[in-house]
>>> print(open('entry_17.cif').read())   # mmCIF, C-alpha atoms
data_structure
loop_
_atom_site.label_atom_id
_atom_site.label_comp_id
_atom_site.auth_asym_id
_atom_site.auth_seq_id
_atom_site.Cartn_x
_atom_site.Cartn_y
_atom_site.Cartn_z
CA MET I 547 50.83 -102.62 69.26
CA GLU I 548 48.51 -104.45 71.69
CA PHE I 549 46.67 -107.62 70.67
CA VAL I 550 43.77 -109.51 72.27
CA LYS I 551 44.70 -112.97 73.53
CA ILE I 552 43.79 -115.62 70.96
CA ARG I 553 41.83 -118.77 71.78
CA ARG I 554 43.36 -122.05 70.67
CA GLU I 555 40.60 -123.07 68.25
CA ARG I 556 41.18 -121.81 64.71
CA ALA I 557 44.23 -119.95 66.01
CA VAL I 558 45.79 -119.46 62.56
CA ASP I 559 42.65 -117.75 61.25
CA ALA I 560 42.37 -115.56 64.34
CA VAL I 561 46.03 -114.52 64.17
CA TYR I 562 45.72 -113.87 60.44
CA ASP I 563 42.64 -111.66 60.96
CA ALA I 564 44.34 -109.68 63.75
CA LEU I 565 47.57 -109.11 61.82
CA ARG I 566 45.78 -108.27 58.58
CA GLN I 567 43.62 -105.67 60.32
CA ALA I 568 46.69 -104.15 61.96
CA ILE I 569 48.40 -103.88 58.57
CA VAL I 570 45.39 -102.56 56.67
CA SER I 571 44.69 -99.94 59.36
CA CYS I 572 48.39 -99.02 59.38
CA SER I 573 48.72 -99.78 63.09
CA MET I 574 51.64 -101.80 61.77
CA LYS I 575 53.45 -99.57 59.27
CA PRO I 576 54.84 -100.48 55.83
CA GLY I 577 58.47 -101.56 56.30
CA GLU I 578 57.97 -102.48 59.99
CA ARG I 579 59.74 -105.66 61.05
CA LEU I 580 57.61 -108.48 62.49
CA ASN I 581 59.02 -110.47 65.40
CA VAL I 582 57.31 -113.87 65.35
CA GLU I 583 58.20 -114.73 68.94
CA GLU I 584 56.98 -111.37 70.24
CA LEU I 585 53.71 -111.61 68.30
CA ALA I 586 53.08 -115.13 69.63
CA GLN I 587 53.64 -113.98 73.19
CA LYS I 588 51.34 -110.96 72.83
CA MET I 589 48.55 -113.07 71.36
CA GLY I 590 48.98 -115.97 73.75
CA VAL I 591 49.59 -118.60 71.05
CA SER I 592 52.43 -120.83 69.94
CA LEU I 593 54.78 -119.93 67.09
CA THR I 594 52.98 -122.25 64.64
CA PRO I 595 49.77 -120.21 64.08
CA VAL I 596 51.77 -116.97 63.80
CA ARG I 597 54.00 -118.50 61.14
CA GLY I 598 50.95 -119.87 59.33
CA ALA I 599 49.26 -116.48 59.39
CA ILE I 600 52.39 -114.77 58.09
CA GLN I 601 52.53 -117.24 55.20
CA GLN I 602 48.95 -116.31 54.27
CA LEU I 603 49.75 -112.61 54.46
CA ALA I 604 52.84 -113.12 52.33
CA THR I 605 50.66 -114.81 49.69
CA GLU I 606 48.46 -111.69 49.65
CA GLY I 607 51.52 -109.48 49.27
CA LEU I 608 50.96 -107.79 52.63
CA VAL I 609 54.06 -109.26 54.24
CA GLU I 610 57.58 -109.77 52.87
CA VAL I 611 59.84 -112.58 54.07
CA ARG I 612 63.42 -111.57 53.25
CA PRO I 613 66.09 -114.28 53.49
CA ARG I 614 68.69 -113.50 56.18
CA SER I 615 66.88 -110.24 57.01
CA GLY I 616 63.55 -111.12 58.58
CA THR I 617 59.84 -110.59 58.01
CA PHE I 618 58.43 -107.14 57.27
CA VAL I 619 55.13 -105.42 56.54
CA ALA I 620 55.22 -104.97 52.77
CA SER I 621 55.90 -101.58 51.24
CA LEU I 622 54.01 -100.27 48.24
CA THR I 623 55.48 -98.74 45.10
CA PRO I 624 53.65 -96.86 42.34
CA GLN I 625 54.10 -99.98 40.21
CA ASP I 626 52.40 -102.08 42.91
CA LEU I 627 49.46 -99.70 42.95
CA ASP I 628 49.24 -99.58 39.16
CA GLU I 629 49.14 -103.39 38.94
CA THR I 630 46.63 -103.63 41.80
CA PHE I 631 44.20 -101.19 40.23
CA LYS I 632 44.43 -102.87 36.84
CA LEU I 633 43.52 -106.19 38.45
CA ARG I 634 40.78 -104.51 40.47
CA SER I 635 39.33 -103.04 37.28
CA ALA I 636 39.29 -106.45 35.60
CA LEU I 637 37.59 -108.06 38.60
CA GLU I 638 34.99 -105.34 39.08
CA CYS I 639 34.13 -105.27 35.38
CA LEU I 640 33.67 -109.04 35.38
CA ALA I 641 31.57 -108.84 38.53
CA ALA I 642 29.44 -106.07 37.03
CA GLU I 643 28.75 -108.09 33.89
CA GLU I 644 27.54 -111.00 36.00
CA ALA I 645 25.63 -108.68 38.33
CA ILE I 646 23.48 -107.33 35.49
CA GLU I 647 21.35 -110.47 35.57
CA ARG I 648 21.91 -111.48 39.19
CA ILE I 649 21.57 -108.31 41.25
CA GLN I 650 18.71 -108.41 43.75
CA PRO I 651 16.13 -105.60 44.17
CA ALA I 652 17.40 -104.91 47.69
CA GLN I 653 20.97 -104.50 46.38
CA LEU I 654 19.84 -102.12 43.65
CA ALA I 655 17.86 -100.11 46.19
CA ARG I 656 20.94 -99.95 48.40
CA LEU I 657 22.99 -98.57 45.50
CA HIS I 658 20.51 -95.71 45.15
CA THR I 659 20.65 -95.05 48.91
CA LEU I 660 24.44 -94.92 48.73
CA LEU I 661 24.30 -92.51 45.77
CA LYS I 662 22.34 -90.09 47.96
CA SER I 663 24.72 -90.58 50.88
CA LEU I 664 27.78 -90.04 48.69
CA LYS I 665 26.40 -86.63 47.61
CA ARG I 666 26.87 -85.24 51.12
CA LYS I 667 29.58 -82.66 51.63
CA VAL I 668 32.81 -83.82 53.23
CA THR I 669 34.34 -81.21 55.52
CA ASN I 670 36.26 -83.20 58.16
CA ASP I 671 37.94 -86.55 58.84
CA VAL I 672 34.82 -88.13 60.36
CA GLU I 673 32.76 -87.31 57.28
CA ARG I 674 35.56 -88.49 55.04
CA ARG I 675 35.74 -91.88 56.77
CA ALA I 676 31.97 -92.24 56.42
CA HIS I 677 32.23 -91.34 52.74
CA GLU I 678 34.98 -93.89 52.14
CA GLN I 679 32.95 -96.57 53.92
CA ASP I 680 29.94 -95.82 51.69
CA ASN I 681 32.16 -95.80 48.62
CA SER I 682 33.63 -99.20 49.53
CA GLU I 683 30.14 -100.62 50.06
CA PHE I 684 29.04 -99.24 46.68
CA HIS I 685 31.73 -101.23 44.89
CA GLN I 686 31.32 -104.29 47.12
CA ILE I 687 27.68 -104.60 46.05
CA PHE I 688 28.80 -105.41 42.51
CA ILE I 689 31.15 -108.09 43.84
CA ASP I 690 28.42 -109.60 46.03
CA ALA I 691 25.83 -109.44 43.25
CA SER I 692 28.09 -111.42 40.92
CA GLN I 693 27.68 -114.43 43.25
CA ASN I 694 31.23 -115.45 42.36
CA GLN I 695 33.10 -116.44 45.53
CA ARG I 696 36.52 -116.89 43.93
CA LEU I 697 36.26 -113.43 42.42
CA ALA I 698 35.21 -112.02 45.81
CA ASP I 699 38.22 -113.60 47.54
CA MET I 700 40.64 -112.12 45.01
CA TYR I 701 39.01 -108.71 45.27
CA HIS I 702 39.24 -108.81 49.07
CA ALA I 703 42.99 -109.41 48.89
CA LEU I 704 43.59 -106.61 46.39
CA ASN I 705 41.63 -104.04 48.35
CA ALA I 706 43.92 -104.40 51.35
CA HIS I 707 46.71 -102.65 49.43
CA ILE I 708 44.42 -99.81 48.39
CA LYS I 709 43.22 -99.26 51.97
CA ILE I 710 46.81 -99.04 53.21
CA VAL I 711 47.61 -96.15 50.90
CA ARG I 712 44.32 -94.35 51.58
CA ILE I 713 44.69 -94.51 55.36
CA HIS I 714 48.42 -93.85 55.48
CA ALA I 715 48.59 -91.12 52.90
CA GLY I 716 45.28 -89.44 52.32
CA GLU I 717 44.84 -87.59 49.05
CA SER I 718 45.63 -83.94 48.44
CA GLY I 719 42.82 -82.15 46.63
CA TRP I 720 40.50 -85.07 47.44
CA PRO I 721 37.35 -82.96 48.15
CA LEU I 722 37.61 -81.32 44.73
CA ARG I 723 37.14 -84.70 43.04
CA LEU I 724 33.91 -85.59 44.85
CA GLN I 725 31.68 -84.05 42.20
CA GLU I 726 33.44 -85.99 39.45
CA GLU I 727 33.23 -89.17 41.51
CA GLN I 728 29.50 -88.71 42.02
CA ALA I 729 28.88 -88.32 38.29
CA GLU I 730 30.84 -91.51 37.67
CA HIS I 731 28.85 -93.44 40.28
CA GLU I 732 25.58 -92.27 38.76
CA ALA I 733 26.74 -93.33 35.29
CA ILE I 734 27.62 -96.78 36.64
CA VAL I 735 24.20 -97.30 38.24
CA ALA I 736 22.39 -95.99 35.15
CA ALA I 737 24.25 -98.46 32.93
CA LEU I 738 23.48 -101.29 35.36
CA GLU I 739 19.77 -100.50 35.31
CA ALA I 740 19.82 -100.31 31.51
CA LYS I 741 21.52 -103.73 31.47
CA ASP I 742 24.10 -102.30 29.09
CA ALA I 743 27.24 -104.34 29.78
CA ALA I 744 29.51 -102.36 27.45
CA ARG I 745 28.45 -99.04 28.95
CA LEU I 746 28.70 -100.41 32.48
CA THR I 747 32.23 -101.76 32.14
CA ALA I 748 33.38 -98.58 30.38
CA ALA I 749 31.98 -96.43 33.21
CA LEU I 750 33.58 -98.62 35.88
CA ARG I 751 36.95 -98.66 34.12
CA LYS I 752 36.97 -94.88 33.75
CA HIS I 753 36.10 -94.45 37.42
CA ILE I 754 38.71 -96.91 38.70
CA TYR I 755 41.52 -95.65 36.47
CA ARG I 756 40.90 -92.04 37.51
CA ALA I 757 41.22 -93.10 41.15
CA LYS I 758 44.37 -95.06 40.27
CA ASP I 759 46.04 -92.04 38.70
CA ALA I 760 45.15 -89.85 41.69
CA MET I 761 46.50 -92.32 44.25
CA ILE I 762 49.71 -92.95 42.35
CA ALA I 763 50.31 -89.20 42.25
CA VAL I 764 49.88 -89.09 46.03
CA LEU I 765 52.18 -92.06 46.53
CA ARG I 766 54.92 -90.46 44.42
CA GLY I 767 54.55 -87.27 46.39
CA LEU I 768 55.04 -89.06 49.70
CA GLY I 769 58.47 -90.42 49.07
CA GLY I 770 59.32 -90.60 45.44
CA HIS I 771 59.07 -94.31 44.76
CA GLN I 772 57.83 -96.17 47.83
CA LEU I 773 55.53 -95.85 50.81
CA GLU I 774 57.87 -96.17 53.79
CA ALA I 775 59.81 -98.80 51.90
CA GLY I 776 62.15 -101.21 53.57
CA PRO I 777 65.37 -102.43 51.91
CA GLY I 778 65.40 -104.95 49.11
CA ARG I 779 62.11 -104.10 47.41
CA ASN I 780 62.46 -103.21 43.76
CA HIS I 781 59.49 -104.74 42.04
CA GLY I 782 55.72 -104.87 42.36
CA ALA I 783 53.80 -107.51 44.30
CA ALA I 784 50.05 -107.14 44.43
#
>>> encode(input="entry_17.cif", output="structure tokens")
Amino acid sequence: MEFVKIRRERAVDAVYDALRQAIVSCSMKPGERLNVEELAQKMGVSLTPVRGAIQQLATEGLVEVRPRSGTFVASLTPQDLDETFKLRSALECLAAEEAIERIQPAQLARLHTLLKSLKRKVTNDVERRAHEQDNSEFHQIFIDASQNQRLADMYHALNAHIKIVRIHAGESGWPLRLQEEQAEHEAIVAALEAKDAARLTAALRKHIYRAKDAMIAVLRGLGGHQLEAGPGRNHGAA
């Protein structure tokens, strides 16, 4: 894995961003060992910012520091994914409740634009990536509209785990679920416009939990219990 040389100012943040992107994009695979000295040399920084960045990533659950073994890109289990999606549901539902009164006209208009975009057929990887980007933006609008920065930070950390599984695994039968997904998105926007909090949170929860069940099924199919798991991991860490 090649890295751009890092400038000295705000080195910890820059190293963190570079490593996090490499993990989320699966350029660095789940279970892969991280060599601190090698990373520092490739990025042109001292050991201190690399160690600081790894500590931040460990807090997010993206990196595991195993005593007497080393530091590894975290592996994901079905339990990890189940816990992550449950937390995501709670955060999105809270954000949606706050967004009912705070969403801006431009954000609502963007939701309708995304609904149209998400109706397009997906026949290849390029179209799928575009669809996933639109889908992520759709959900992010609710987080942004809540105007709750702490909630947004927590959501950002959780979504890293979900992206890892999506990119690494893909989903069998994924195109067949697009029609159901579209109906769910439309129900979410309709409830938002009606300012019906109960209906909105119910629609969001149904949508998120369906996606959770589908992704857990894929994860189990990949390797039974873990996504390229390294040794010593036997419990969830979101």
>>> closest_residue(input="entry_17.cif", among="I:Val611, I:Leu724, I:Ala645, I:Ala557", to="Ile687 of chain I", atoms="all atoms listed in the file")
I:Ala645
>>> residues_around(input="entry_17.cif", residues="Gly598 of chain I", least_positions_apart="5", cutoff="12 Å", atoms="all atoms listed in the file", output="list in words")
Arg556, Ala557, Val558, Asp559, Ala560, Val561, Tyr562, Asp563, Leu565, Val582, Ala586, Val591, Ser592, Leu593, Leu603, Ala604 and Thr605 of chain I
>>> closest_atom_pairs(input="entry_17.cif", of="segment 602-699 of chain I", to="segment 748-766 of chain I", cutoff="12 Å", atoms="only C-alpha atoms", output="CSV")
residue,atom,partner,partner_atom,distance
I:Ser621,CA,I:Leu765,CA,11.3
I:Leu622,CA,I:Leu765,CA,8.6
I:Thr623,CA,I:Leu765,CA,7.6
I:Pro624,CA,I:Ile762,CA,5.6
I:Gln625,CA,I:Ile762,CA,8.6
I:Asp626,CA,I:Ile762,CA,9.5
I:Leu627,CA,I:Ile762,CA,6.8
I:Asp628,CA,I:Lys758,CA,6.7
I:Glu629,CA,I:Lys758,CA,9.7
I:Thr630,CA,I:Lys758,CA,9.0
I:Phe631,CA,I:Lys758,CA,6.1
I:Lys632,CA,I:Tyr755,CA,7.8
I:Leu633,CA,I:Ile754,CA,10.5
I:Arg634,CA,I:Ile754,CA,8.1
I:Ser635,CA,I:Arg751,CA,5.9
I:Ala636,CA,I:Arg751,CA,8.3
I:Leu637,CA,I:Arg751,CA,10.4
I:Glu638,CA,I:Leu750,CA,7.6
I:Cys639,CA,I:Leu750,CA,6.7
I:Leu640,CA,I:Leu750,CA,10.4
I:Ala641,CA,I:Leu750,CA,10.7
I:Ala642,CA,I:Leu750,CA,8.6
I:Glu643,CA,I:Leu750,CA,10.8
I:Asn681,CA,I:Ile754,CA,11.9
I:Phe684,CA,I:Leu750,CA,11.7
I:His685,CA,I:Leu750,CA,9.6
I:Phe688,CA,I:Leu750,CA,10.6
>>> residues_around(input="entry_17.cif", residues="Glu678 of chain I", least_positions_apart="4", cutoff="10 Å", atoms="only C-alpha atoms", output="ChimeraX atom specification")
/I:664,673-674,682-684,709,712
>>> closest_residue(input="entry_17.cif", among="I:Pro651, I:Gly590, I:Gly607, I:Pro595", to="Ala691 of chain I", atoms="all atoms listed in the file")
I:Pro651
>>> resolve_selection(input="entry_17.cif", expression="the PyMOL selection byres ((chain I and resi 620) around 6)", output="PyMOL selection string")
chain I and resi 576-577+608-610+618-619+621
>>> residues_around(input="entry_17.cif", residues="Ala743 of chain I", least_positions_apart="2", cutoff="8 Å", atoms="all atoms listed in the file", output="CSV table (one decimal) with C-alpha atoms, in the coordinates of the input")
chain,number,residue,atom,x,y,z
I,642,ALA,CA,29.4,-106.1,37.0
I,643,GLU,CA,28.8,-108.1,33.9
I,646,ILE,CA,23.5,-107.3,35.5
I,737,ALA,CA,24.2,-98.5,32.9
I,738,LEU,CA,23.5,-101.3,35.4
I,741,LYS,CA,21.5,-103.7,31.5
I,745,ARG,CA,28.4,-99.0,29.0
I,746,LEU,CA,28.7,-100.4,32.5
I,747,THR,CA,32.2,-101.8,32.1
>>> atom_distance(input="entry_17.cif", atom1="atom CA of Gln728 of chain I", atom2="atom CA of Ala698 of chain I")
24.3 Å
>>> closest_residue(input="entry_17.cif", among="I:Ala744, I:Val596, I:Thr669, I:Gln686", to="Asn705 of chain I", atoms="only C-alpha atoms")
I:Gln686
>>> atom_distance(input="entry_17.cif", atom1="atom CA of Ala740 of chain I", atom2="atom CA of Lys667 of chain I")
28.5 Å
